[in-house]
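As stored in my_file02.pdb (PDB, C-alpha atoms):
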ATOM      1  CA  MET S   1      96.880 127.940  89.257
ATOM      2  CA  LEU S   2      94.033 126.556  91.357
ATOM      3  CA  LEU S   3      90.440 127.121  90.268
ATOM      4  CA  ASP S   4      87.566 127.304  92.739
ATOM      5  CA  THR S   5      85.474 125.708  90.026
ATOM      6  CA  ALA S   6      81.981 126.045  91.516
ATOM      7  CA  SER S   7      82.610 129.691  92.349
ATOM      8  CA  LEU S   8      83.584 130.311  88.731
ATOM      9  CA  TYR S   9      80.744 128.405  87.097
ATOM     10  CA  TYR S  10      78.206 130.115  89.359
ATOM     11  CA  ARG S  11      79.676 133.430  88.256
ATOM     12  CA  ALA S  12      79.505 132.281  84.629
ATOM     13  CA  TYR S  13      75.901 131.121  85.061
ATOM     14  CA  PHE S  14      74.748 134.523  86.278
ATOM     15  CA  GLY S  15      77.030 136.447  83.928
ATOM     16  CA  VAL S  16      76.171 134.715  80.646
ATOM     17  CA  PRO S  17      72.551 134.964  79.425
ATOM     18  CA  ASP S  18      70.516 131.763  79.732
ATOM     19  CA  SER S  19      69.590 132.274  76.097
ATOM     20  CA  VAL S  20      72.926 130.540  75.394
ATOM     21  CA  ARG S  21      71.624 127.048  74.711
ATOM     22  CA  ALA S  22      72.514 123.754  73.059
ATOM     23  CA  PRO S  23      70.834 122.782  69.787
ATOM     24  CA  ASP S  24      68.196 120.868  71.756
ATOM     25  CA  GLY S  25      67.407 123.943  73.877
ATOM     26  CA  THR S  26      69.353 122.919  77.013
ATOM     27  CA  PRO S  27      70.925 125.971  78.717
ATOM     28  CA  VAL S  28      74.731 125.823  78.563
ATOM     29  CA  ASN S  29      75.562 129.355  79.721
ATOM     30  CA  ALA S  30      77.577 128.150  82.732
ATOM     31  CA  VAL S  31      79.507 125.671  80.587
ATOM     32  CA  ARG S  32      80.378 128.193  77.921
ATOM     33  CA  GLY S  33      81.198 130.885  80.454
ATOM     34  CA  LEU S  34      83.512 128.625  82.444
ATOM     35  CA  LEU S  35      85.363 127.407  79.346
ATOM     36  CA  ASP S  36      85.858 131.019  78.291
ATOM     37  CA  PHE S  37      87.059 131.909  81.794
ATOM     38  CA  ILE S  38      89.649 129.132  81.657
ATOM     39  CA  GLY S  39      90.729 130.103  78.156
ATOM     40  CA  ARG S  40      91.275 133.701  79.253
ATOM     41  CA  LEU S  41      93.183 132.634  82.374
ATOM     42  CA  VAL S  42      95.455 130.376  80.331
ATOM     43  CA  GLN S  43      95.984 133.099  77.732
ATOM     44  CA  ASP S  44      96.789 135.812  80.286
ATOM     45  CA  HIS S  45      98.764 133.852  82.879
ATOM     46  CA  ARG S  46     100.210 130.696  81.239
ATOM     47  CA  PRO S  47     100.397 128.668  84.468
ATOM     48  CA  ASP S  48     102.644 125.596  84.509
ATOM     49  CA  ASP S  49      99.946 123.651  86.339
ATOM     50  CA  LEU S  50      96.182 124.130  86.338
ATOM     51  CA  VAL S  51      93.811 122.290  88.685
ATOM     52  CA  ALA S  52      90.025 122.581  88.701
ATOM     53  CA  CYS S  53      89.176 122.016  92.376
ATOM     54  CA  MET S  54      85.696 120.572  92.919
ATOM     55  CA  ASP S  55      83.128 120.437  95.735
ATOM     56  CA  ALA S  56      82.706 116.701  96.331
ATOM     57  CA  ASP S  57      80.783 117.805  99.441
ATOM     58  CA  TRP S  58      79.721 121.442  99.629
ATOM     59  CA  ARG S  59      78.602 121.088 103.287
ATOM     60  CA  PRO S  60      80.778 118.481 105.037
ATOM     61  CA  HIS S  61      79.079 116.823 107.973
ATOM     62  CA  TRP S  62      82.157 117.304 110.165
ATOM     63  CA  ARG S  63      81.724 121.060 109.821
ATOM     64  CA  VAL S  64      77.964 120.849 110.453
ATOM     65  CA  GLU S  65      78.558 118.820 113.617
ATOM     66  CA  LEU S  66      80.627 121.700 114.970
ATOM     67  CA  ILE S  67      78.318 124.527 113.810
ATOM     68  CA  PRO S  68      74.857 123.197 112.812
ATOM     69  CA  SER S  69      73.920 126.465 111.097
ATOM     70  CA  TYR S  70      76.802 126.083 108.631
ATOM     71  CA  LYS S  71      75.296 126.727 105.169
ATOM     72  CA  ALA S  72      71.950 125.473 106.536
ATOM     73  CA  HIS S  73      69.957 128.118 104.640
ATOM     74  CA  ARG S  74      71.241 126.692 101.328
ATOM     75  CA  VAL S  75      70.085 123.108 101.937
ATOM     76  CA  ALA S  76      67.414 121.784  99.588
ATOM     77  CA  GLU S  77      67.442 118.258 101.020
ATOM     78  CA  LEU S  78      69.220 116.612 103.952
ATOM     79  CA  THR S  79      70.765 113.175 103.483
ATOM     80  CA  GLU S  80      71.978 110.681 106.063
ATOM     81  CA  THR S  81      74.863 109.118 104.160
ATOM     82  CA  GLY S  82      75.975 111.370 101.318
ATOM     83  CA  PRO S  83      76.349 115.115 100.801
ATOM     84  CA  ASP S  84      73.278 117.232 101.494
ATOM     85  CA  VAL S  85      71.575 118.519  98.358
ATOM     86  CA  GLU S  86      72.321 122.187  97.757
ATOM     87  CA  GLU S  87      69.621 124.554  96.561
ATOM     88  CA  THR S  88      70.746 125.581  93.069
ATOM     89  CA  PRO S  89      69.019 127.155  90.064
ATOM     90  CA  ASP S  90      67.083 124.531  88.110
ATOM     91  CA  THR S  91      69.065 125.109  84.936
ATOM     92  CA  LEU S  92      72.523 125.074  86.559
ATOM     93  CA  ALA S  93      72.691 121.600  88.118
ATOM     94  CA  PRO S  94      72.297 119.763  84.752
ATOM     95  CA  GLN S  95      75.260 121.717  83.392
ATOM     96  CA  VAL S  96      77.735 120.447  85.990
ATOM     97  CA  PRO S  97      78.207 116.976  84.394
ATOM     98  CA  ILE S  98      78.827 118.708  81.048
ATOM     99  CA  ILE S  99      81.462 120.893  82.700
ATOM    100  CA  GLU S 100      83.139 117.845  84.203
ATOM    101  CA  ALA S 101      83.117 116.002  80.865
ATOM    102  CA  ALA S 102      84.613 119.023  79.115
ATOM    103  CA  LEU S 103      87.408 119.410  81.668
ATOM    104  CA  ASP S 104      88.269 115.727  81.320
ATOM    105  CA  ALA S 105      88.230 115.890  77.525
ATOM    106  CA  PHE S 106      90.595 118.858  77.533
ATOM    107  CA  GLY S 107      92.881 117.081  79.997
ATOM    108  CA  ILE S 108      92.527 119.738  82.692
ATOM    109  CA  ALA S 109      93.039 118.127  86.091
ATOM    110  CA  ARG S 110      89.792 117.898  88.078
ATOM    111  CA  VAL S 111      90.132 117.053  91.775
ATOM    112  CA  GLY S 112      87.466 116.518  94.411
ATOM    113  CA  VAL S 113      87.528 114.330  97.532
ATOM    114  CA  ALA S 114      84.504 112.915  99.370
ATOM    115  CA  GLY S 115      83.801 114.790 102.586
ATOM    116  CA  TYR S 116      85.625 117.961 101.548
ATOM    117  CA  GLU S 117      84.900 121.249  99.836
ATOM    118  CA  ALA S 118      86.886 122.692  96.954
ATOM    119  CA  ASP S 119      88.345 125.166  99.470
ATOM    120  CA  ASP S 120      89.948 122.247 101.304
ATOM    121  CA  ILE S 121      91.446 120.875  98.083
ATOM    122  CA  ILE S 122      92.841 124.331  97.379
ATOM    123  CA  GLY S 123      94.198 124.622 100.920
ATOM    124  CA  THR S 124      95.950 121.261 100.691
ATOM    125  CA  LEU S 125      97.448 121.895  97.256
ATOM    126  CA  THR S 126      98.580 125.360  98.344
ATOM    127  CA  THR S 127     100.265 123.900 101.422
ATOM    128  CA  ARG S 128     102.048 121.257  99.352
ATOM    129  CA  ALA S 129     103.145 123.536  96.528
ATOM    130  CA  THR S 130     106.845 124.376  96.261
ATOM    131  CA  GLY S 131     106.410 127.304  93.844
ATOM    132  CA  PRO S 132     104.103 130.301  93.414
ATOM    133  CA  VAL S 133     100.340 129.682  93.590
ATOM    134  CA  ASP S 134      97.508 131.727  92.093
ATOM    135  CA  ILE S 135      94.046 130.891  93.462
ATOM    136  CA  VAL S 136      91.185 132.025  91.226
ATOM    137  CA  THR S 137      87.984 132.402  93.223
ATOM    138  CA  GLY S 138      85.038 134.675  93.878
ATOM    139  CA  ASP S 139      85.012 133.452  97.509
ATOM    140  CA  ARG S 140      86.733 135.777  99.966
ATOM    141  CA  ASP S 141      87.127 132.919 102.460
ATOM    142  CA  LEU S 142      90.247 131.895 100.547
ATOM    143  CA  TYR S 143      91.967 135.174 101.391
ATOM    144  CA  GLN S 144      93.229 133.242 104.418
ATOM    145  CA  LEU S 145      95.728 131.476 102.124
ATOM    146  CA  VAL S 146      97.450 134.680 100.987
ATOM    147  CA  ASP S 147     101.146 134.578 101.890
ATOM    148  CA  ASP S 148     103.624 136.928 100.219
ATOM    149  CA  ALA S 149     106.691 135.096 101.528
ATOM    150  CA  ARG S 150     105.546 131.874  99.837
ATOM    151  CA  GLN S 151     104.117 133.684  96.774
ATOM    152  CA  ARG S 152     100.496 132.703  97.439
ATOM    153  CA  ARG S 153      97.891 135.144  96.174
ATOM    154  CA  VAL S 154      94.187 135.200  95.300
ATOM    155  CA  LEU S 155      92.936 136.422  91.930
ATOM    156  CA  TYR S 156      89.394 137.622  92.555
ATOM    157  CA  PRO S 157      87.231 138.207  89.440
ATOM    158  CA  LEU S 158      85.732 141.672  89.212
ATOM    159  CA  LYS S 159      84.283 141.592  85.688
ATOM    160  CA  GLY S 160      84.854 138.091  84.425
ATOM    161  CA  VAL S 161      88.451 136.930  84.665
ATOM    162  CA  GLY S 162      89.785 139.595  82.348
ATOM    163  CA  SER S 163      89.634 142.004  85.289
ATOM    164  CA  LEU S 164      91.104 140.400  88.389
ATOM    165  CA  GLN S 165      91.738 141.880  91.810
ATOM    166  CA  VAL S 166      95.210 140.674  92.800
ATOM    167  CA  THR S 167      94.894 139.991  96.502
ATOM    168  CA  ASP S 168      98.220 139.985  98.336
ATOM    169  CA  GLU S 169      99.165 140.906 101.905
ATOM    170  CA  GLU S 170      99.460 144.619 101.077
ATOM    171  CA  TRP S 171      95.929 144.639  99.692
ATOM    172  CA  LEU S 172      94.564 142.660 102.645
ATOM    173  CA  ARG S 173      96.155 144.993 105.198
ATOM    174  CA  ALA S 174      94.848 148.059 103.382
ATOM    175  CA  LYS S 175      91.322 146.627 103.125
ATOM    176  CA  TYR S 176      90.934 144.654 106.366
ATOM    177  CA  GLY S 177      93.984 145.399 108.509
ATOM    178  CA  VAL S 178      95.032 141.733 108.635
ATOM    179  CA  ASP S 179      97.275 139.275 106.813
ATOM    180  CA  GLY S 180      96.167 135.951 105.298
ATOM    181  CA  PRO S 181      95.863 133.852 108.484
ATOM    182  CA  GLY S 182      94.399 136.881 110.236
ATOM    183  CA  TYR S 183      91.571 136.967 107.699
ATOM    184  CA  ALA S 184      90.256 133.615 108.957
ATOM    185  CA  ASP S 185      90.183 134.958 112.535
ATOM    186  CA  LEU S 186      88.477 138.138 111.354
ATOM    187  CA  ALA S 187      85.882 136.141 109.419
ATOM    188  CA  LEU S 188      84.925 133.906 112.331
ATOM    189  CA  LEU S 189      84.722 136.835 114.757
ATOM    190  CA  ARG S 190      82.460 138.971 112.543
ATOM    191  CA  GLY S 191      80.479 135.980 111.230
ATOM    192  CA  ASP S 192      79.252 135.373 107.702
ATOM    193  CA  PRO S 193      75.511 135.061 107.007
ATOM    194  CA  SER S 194      76.200 133.611 103.550
ATOM    195  CA  ASP S 195      77.858 130.610 105.222
ATOM    196  CA  GLY S 196      75.604 130.474 108.275
ATOM    197  CA  LEU S 197      78.394 131.523 110.666
ATOM    198  CA  PRO S 198      76.925 133.484 113.584
ATOM    199  CA  GLY S 199      80.100 135.274 114.663
ATOM    200  CA  VAL S 200      80.377 137.035 118.023
ATOM    201  CA  PRO S 201      77.345 139.265 118.700
ATOM    202  CA  GLY S 202      78.285 142.924 118.487
ATOM    203  CA  ILE S 203      81.677 142.249 116.881
ATOM    204  CA  GLY S 204      81.631 143.554 113.344
ATOM    205  CA  GLU S 205      84.425 143.693 110.807
ATOM    206  CA  LYS S 206      86.046 146.897 112.095
ATOM    207  CA  THR S 207      85.950 145.817 115.722
ATOM    208  CA  ALA S 208      87.318 142.381 114.828
ATOM    209  CA  ALA S 209      90.210 144.027 112.980
ATOM    210  CA  LYS S 210      90.950 146.285 115.956
ATOM    211  CA  LEU S 211      90.919 143.331 118.353
ATOM    212  CA  LEU S 212      93.294 141.364 116.129
ATOM    213  CA  ASP S 213      95.588 144.374 115.856
ATOM    214  CA  ALA S 214      95.606 144.748 119.630
ATOM    215  CA  PHE S 215      95.954 141.077 120.619
ATOM    216  CA  GLY S 216      97.604 139.473 117.602
ATOM    217  CA  ASP S 217      95.297 136.566 116.849
ATOM    218  CA  LEU S 218      92.277 134.665 118.141
ATOM    219  CA  ALA S 219      94.332 132.954 120.862
ATOM    220  CA  GLY S 220      95.504 136.357 122.061
ATOM    221  CA  ILE S 221      91.939 137.668 122.157
ATOM    222  CA  ILE S 222      90.751 134.648 124.142
ATOM    223  CA  ALA S 223      93.627 135.080 126.588
ATOM    224  CA  ALA S 224      92.615 138.715 127.013
ATOM    225  CA  ILE S 225      89.160 137.670 128.203
ATOM    226  CA  ASP S 226      90.708 136.279 131.391
ATOM    227  CA  ASP S 227      93.192 139.121 131.834
ATOM    228  CA  PRO S 228      91.607 141.899 133.890
ATOM    229  CA  GLU S 229      94.382 144.246 132.763
ATOM    230  CA  SER S 230      93.659 143.747 129.051
ATOM    231  CA  ALA S 231      92.253 146.569 126.950
ATOM    232  CA  LEU S 232      88.943 144.821 126.244
ATOM    233  CA  THR S 233      85.905 146.922 127.079
ATOM    234  CA  PRO S 234      83.476 145.382 129.575
ATOM    235  CA  THR S 235      80.956 144.798 126.776
ATOM    236  CA  GLN S 236      83.544 143.152 124.520
ATOM    237  CA  ARG S 237      84.743 140.941 127.363
ATOM    238  CA  LYS S 238      81.193 139.840 128.159
ATOM    239  CA  ARG S 239      80.291 139.079 124.559
ATOM    240  CA  LEU S 240      83.509 137.197 123.874
ATOM    241  CA  ASP S 241      83.191 135.242 127.119
ATOM    242  CA  GLU S 242      79.638 134.216 126.272
ATOM    243  CA  SER S 243      80.822 133.142 122.825
ATOM    244  CA  ARG S 244      83.552 130.772 124.062
ATOM    245  CA  PRO S 245      81.715 127.618 122.861
ATOM    246  CA  TYR S 246      81.480 129.103 119.363
ATOM    247  CA  LEU S 247      85.082 130.337 119.404
ATOM    248  CA  ALA S 248      86.278 126.861 120.430
ATOM    249  CA  VAL S 249      84.913 125.212 117.259
ATOM    250  CA  ALA S 250      84.750 128.012 114.706
ATOM    251  CA  PRO S 251      88.440 127.871 113.693
ATOM    252  CA  LYS S 252      88.116 124.300 112.424
ATOM    253  CA  VAL S 253      85.021 125.252 110.431
ATOM    254  CA  VAL S 254      86.352 128.501 108.963
ATOM    255  CA  ARG S 255      89.954 127.505 108.261
ATOM    256  CA  VAL S 256      90.407 125.405 105.155
ATOM    257  CA  ALA S 257      91.869 121.942 105.571
ATOM    258  CA  SER S 258      95.492 121.454 104.593
ATOM    259  CA  ASP S 259      95.712 117.682 104.895
ATOM    260  CA  VAL S 260      93.095 116.280 102.504
ATOM    261  CA  PRO S 261      94.073 112.804 101.211
ATOM    262  CA  LEU S 262      94.314 113.664  97.531
ATOM    263  CA  PRO S 263      94.227 111.128  94.704
ATOM    264  CA  GLN S 264      97.066 110.825  92.224
ATOM    265  CA  PHE S 265      96.641 113.192  89.291
ATOM    266  CA  GLY S 266      98.649 115.092  86.715
ATOM    267  CA  PRO S 267      98.369 118.854  87.244
ATOM    268  CA  ALA S 268     100.363 120.009  84.199
ATOM    269  CA  LEU S 269      98.578 122.414  81.876
ATOM    270  CA  PRO S 270      97.976 120.509  78.616
ATOM    271  CA  SER S 271      99.416 122.018  75.420
ATOM    272  CA  ALA S 272      96.433 120.742  73.420
ATOM    273  CA  PRO S 273      93.139 118.963  74.162
ATOM    274  CA  ALA S 274      93.852 115.495  75.559
ATOM    275  CA  GLN S 275      90.867 113.890  73.798
ATOM    276  CA  PRO S 276      90.228 116.013  70.676
ATOM    277  CA  GLU S 277      87.492 113.712  69.343
ATOM    278  CA  MET S 278      85.619 113.930  72.639
ATOM    279  CA  VAL S 279      86.081 117.711  72.686
ATOM    280  CA  ASP S 280      84.617 117.902  69.177
ATOM    281  CA  ALA S 281      81.727 115.653  70.169
ATOM    282  CA  LEU S 282      80.914 117.824  73.188
ATOM    283  CA  ALA S 283      81.156 120.974  71.092
ATOM    284  CA  HIS S 284      78.701 119.506  68.552
ATOM    285  CA  ARG S 285      76.302 118.032  71.124
ATOM    286  CA  TRP S 286      76.076 121.134  73.274
ATOM    287  CA  GLY S 287      76.717 123.932  70.789
ATOM    288  CA  LEU S 288      80.010 124.978  72.364
ATOM    289  CA  GLY S 289      82.038 125.465  69.209
ATOM    290  CA  GLY S 290      83.215 129.006  69.937
ATOM    291  CA  ALA S 291      84.212 128.394  73.546
ATOM    292  CA  VAL S 292      85.927 125.113  72.650
ATOM    293  CA  SER S 293      87.885 126.788  69.840
ATOM    294  CA  ARG S 294      88.975 129.632  72.120
ATOM    295  CA  LEU S 295      90.163 127.308  74.882
ATOM    296  CA  SER S 296      91.901 124.979  72.417
ATOM    297  CA  GLY S 297      93.670 127.967  70.897
ATOM    298  CA  ALA S 298      94.766 129.241  74.300
ATOM    299  CA  LEU S 299      96.231 125.841  75.191
ATOM    300  CA  ARG S 300      98.181 125.667  71.943
ATOM    301  CA  SER S 301      99.487 129.235  71.984
TER     302      SER S 301
END

What is this file in structure tokens?
Amino acid sequence: MLLDTASLYYRAYFGVPDSVRAPDGTPVNAVRGLLDFIGRLVQDHRPDDLVACMDADWRPHWRVELIPSYKAHRVAELTETGPDVEETPDTLAPQVPIIEAALDAFGIARVGVAGYEADDIIGTLTTRATGPVDIVTGDRDLYQLVDDARQRRVLYPLKGVGSLQVTDEEWLRAKYGVDGPGYADLALLRGDPSDGLPGVPGIGEKTAAKLLDAFGDLAGIIAAIDDPESALTPTQRKRLDESRPYLAVAPKVVRVASDVPLPQFGPALPSAPAQPEMVDALAHRWGLGGAVSRLSGALRS
């Protein structure tokens, strides 16, 4: 089981009241919510391995060089050498180090690599995996990794993680008319304002799905531009032709990496907290007793 950790703690932050605070008044709603999410996932699914995938760089420069608008609307501060600073709620950012400390204390593998997003860590681990993979995320971009033959699916939280949409190829085809790899092509054609991806003007989700059904994939659509006998309408041909520069770089931006140089780590789900004294200290310091007890119990069950 691979966790898109930032996606889950953002969801926890907005789903748990900010009245949930440490004894000193520090908000810990995202921390408590995430620990409860993980406890519920462990309780319901009992994965052999569990990896919390982290955004070491939420806006990699190599993606920005290809499409400058990539996540540009979410930048709070540009930096020359390190990751750009993301605009986040004032009371969320201070909770991230607490989350990281808690994951380490429990012995839950936490993996992030400089220059890559959590999506890329997930893509690489999914590619390397020899058994079934469940990806838990509130980010539809990861639908591109769905693969029934290799038992890769996305568990998308609807109401917390107790109610999960199981996203497999059947669901994707019913909803979007594409399979996993086809979802990446659909996403780059239609664009995504939340990620600053412009898409092809005039090509929305339904049209993108129809084009992919007719021509197979992005390469087939591009080949159709130069084929006067293809079924593209004149308007579609013009818009796609004018968008060739975007279409040449968008796949590398939209598709998750599968070759991230990962550090050595142990992915096995712990059967008990790895550092119980540290877990107790964190629970006392931040007022997390209930969430810590629930997660500890789930690990031991």

Using the chain letters and residue numbers of this document, give as a list in words the residues selected by the PyMOL selection byres ((chain S and resi 272-283) around 7). Ala102, Ala105, Phe106, Gly107, Pro270, Ser271, His284, Arg285, Trp286, Gly287, Leu288, Gly289, Val292, Ser296, Leu299 and Arg300 of chain S

Atom pair atom CA of Glu205 of chain S + atom CA of Gly177 of chain S, distance 10.0 Å

Restricting to all atoms listed in the file, whichever of S:Ala93, S:Leu188, S:Leu232, S:Leu3 is closest to Lys252 of chain S is S:Leu188

- Item | Shell of 12 Å around Val51 of chain S, only C-alpha atoms, local chain residues under 4 positions omitted, as a PyMOL selection string | chain S and resi 1-5+38+42+47+103-104+107-112+118+121-122+125-126+133-136+265-270

Residues proximal to (91.2, 115.2, 100.6) were defined as those with any atom within 12 Å of that point in the file's coordinates, counting only C-alpha atoms. Which are they, as an mmCIF file with C-alpha atoms, in the coordinates of the input?
data_model
loop_
_atom_site.group_PDB
_atom_site.id
_atom_site.type_symbol
_atom_site.label_atom_id
_atom_site.label_comp_id
_atom_site.auth_asym_id
_atom_site.auth_seq_id
_atom_site.Cartn_x
_atom_site.Cartn_y
_atom_site.Cartn_z
ATOM 1 C CA CYS S 53 89.176 122.016 92.376
ATOM 2 C CA MET S 54 85.696 120.572 92.919
ATOM 3 C CA ASP S 55 83.128 120.437 95.735
ATOM 4 C CA ALA S 56 82.706 116.701 96.331
ATOM 5 C CA ASP S 57 80.783 117.805 99.441
ATOM 6 C CA PRO S 60 80.778 118.481 105.037
ATOM 7 C CA VAL S 111 90.132 117.053 91.775
ATOM 8 C CA GLY S 112 87.466 116.518 94.411
ATOM 9 C CA VAL S 113 87.528 114.330 97.532
ATOM 10 C CA ALA S 114 84.504 112.915 99.370
ATOM 11 C CA GLY S 115 83.801 114.790 102.586
ATOM 12 C CA TYR S 116 85.625 117.961 101.548
ATOM 13 C CA GLU S 117 84.900 121.249 99.836
ATOM 14 C CA ALA S 118 86.886 122.692 96.954
ATOM 15 C CA ASP S 119 88.345 125.166 99.470
ATOM 16 C CA ASP S 120 89.948 122.247 101.304
ATOM 17 C CA ILE S 121 91.446 120.875 98.083
ATOM 18 C CA ILE S 122 92.841 124.331 97.379
ATOM 19 C CA GLY S 123 94.198 124.622 100.920
ATOM 20 C CA THR S 124 95.950 121.261 100.691
ATOM 21 C CA LEU S 125 97.448 121.895 97.256
ATOM 22 C CA VAL S 256 90.407 125.405 105.155
ATOM 23 C CA ALA S 257 91.869 121.942 105.571
ATOM 24 C CA SER S 258 95.492 121.454 104.593
ATOM 25 C CA ASP S 259 95.712 117.682 104.895
ATOM 26 C CA VAL S 260 93.095 116.280 102.504
ATOM 27 C CA PRO S 261 94.073 112.804 101.211
ATOM 28 C CA LEU S 262 94.314 113.664 97.531
ATOM 29 C CA PRO S 263 94.227 111.128 94.704
ATOM 30 C CA GLN S 264 97.066 110.825 92.224
#

Against segment 6-18 of chain S, which residues of segment 96-157 of chain S fall within 10 Å? For each one I want the closest pair of atoms and the distance in Å (one decimal), counting all atoms listed in the file, rows by chain and increasing residue number, as a tab-separated table.
residue	atom	partner	partner_atom	distance
S:Val96	CA	S:Tyr9	CA	8.6
S:Ile99	CA	S:Tyr9	CA	8.7
S:Ala118	CA	S:Ala6	CA	8.1
S:Val136	CA	S:Leu8	CA	8.2
S:Thr137	CA	S:Ser7	CA	6.1
S:Gly138	CA	S:Ser7	CA	5.8
S:Asp139	CA	S:Ser7	CA	6.8
S:Pro157	CA	S:Leu8	CA	8.7

Generate the output file for the selected residues, C-alpha atoms, as a PDB file, keeping the file's coordinate frame.
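Okay, out_13.pdb is ready:
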ATOM      1  CA  VAL S  96      77.735 120.447  85.990  1.00  0.00           C
ATOM      2  CA  ILE S  99      81.462 120.893  82.700  1.00  0.00           C
ATOM      3  CA  ALA S 118      86.886 122.692  96.954  1.00  0.00           C
ATOM      4  CA  VAL S 136      91.185 132.025  91.226  1.00  0.00           C
ATOM      5  CA  THR S 137      87.984 132.402  93.223  1.00  0.00           C
ATOM      6  CA  GLY S 138      85.038 134.675  93.878  1.00  0.00           C
ATOM      7  CA  ASP S 139      85.012 133.452  97.509  1.00  0.00           C
ATOM      8  CA  PRO S 157      87.231 138.207  89.440  1.00  0.00           C
TER       9      PRO S 157
END

Open item on the list: Give me the residues near Glu86 of chain S as a VMD selection string, where near means some atom within 9 Å (using all atoms listed in the file) and where sequence neighbours in that chain fewer than 2 positions away do not count.
Closed with: chain S and resid 58 to 59 74 to 78 83 to 84 88

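What separates atom CA of Leu295 of chain S from atom CA of Val20 of chain S is a distance of 17.5 Å.
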
What does segment 48-68 of chain S look like written to a file with C-alpha atoms, as a PDB file, in the first residue's frame?
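The resulting file, out-v3.pdb, is reproduced below:
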ATOM      1  CA  ASP S  48       2.110  -6.480   3.851  1.00  0.00           C
ATOM      2  CA  ASP S  49       4.008  -3.285   3.075  1.00  0.00           C
ATOM      3  CA  LEU S  50       3.063   0.328   3.746  1.00  0.00           C
ATOM      4  CA  VAL S  51       5.000   3.313   2.387  1.00  0.00           C
ATOM      5  CA  ALA S  52       4.238   6.966   3.087  1.00  0.00           C
ATOM      6  CA  CYS S  53       5.382   8.672  -0.127  1.00  0.00           C
ATOM      7  CA  MET S  54       6.448  12.291   0.379  1.00  0.00           C
ATOM      8  CA  ASP S  55       6.790  15.434  -1.754  1.00  0.00           C
ATOM      9  CA  ALA S  56      10.486  16.286  -1.436  1.00  0.00           C
ATOM     10  CA  ASP S  57       9.760  18.768  -4.248  1.00  0.00           C
ATOM     11  CA  TRP S  58       6.121  19.542  -4.987  1.00  0.00           C
ATOM     12  CA  ARG S  59       7.022  21.489  -8.175  1.00  0.00           C
ATOM     13  CA  PRO S  60      10.170  19.989  -9.735  1.00  0.00           C
ATOM     14  CA  HIS S  61      12.128  22.441 -11.834  1.00  0.00           C
ATOM     15  CA  TRP S  62      12.470  19.913 -14.664  1.00  0.00           C
ATOM     16  CA  ARG S  63       8.693  19.946 -15.051  1.00  0.00           C
ATOM     17  CA  VAL S  64       8.541  23.755 -14.836  1.00  0.00           C
ATOM     18  CA  GLU S  65      11.195  24.065 -17.544  1.00  0.00           C
ATOM     19  CA  LEU S  66       8.913  22.129 -19.879  1.00  0.00           C
ATOM     20  CA  ILE S  67       5.647  23.872 -18.902  1.00  0.00           C
ATOM     21  CA  PRO S  68       6.311  27.114 -16.953  1.00  0.00           C
TER      22      PRO S  68
END
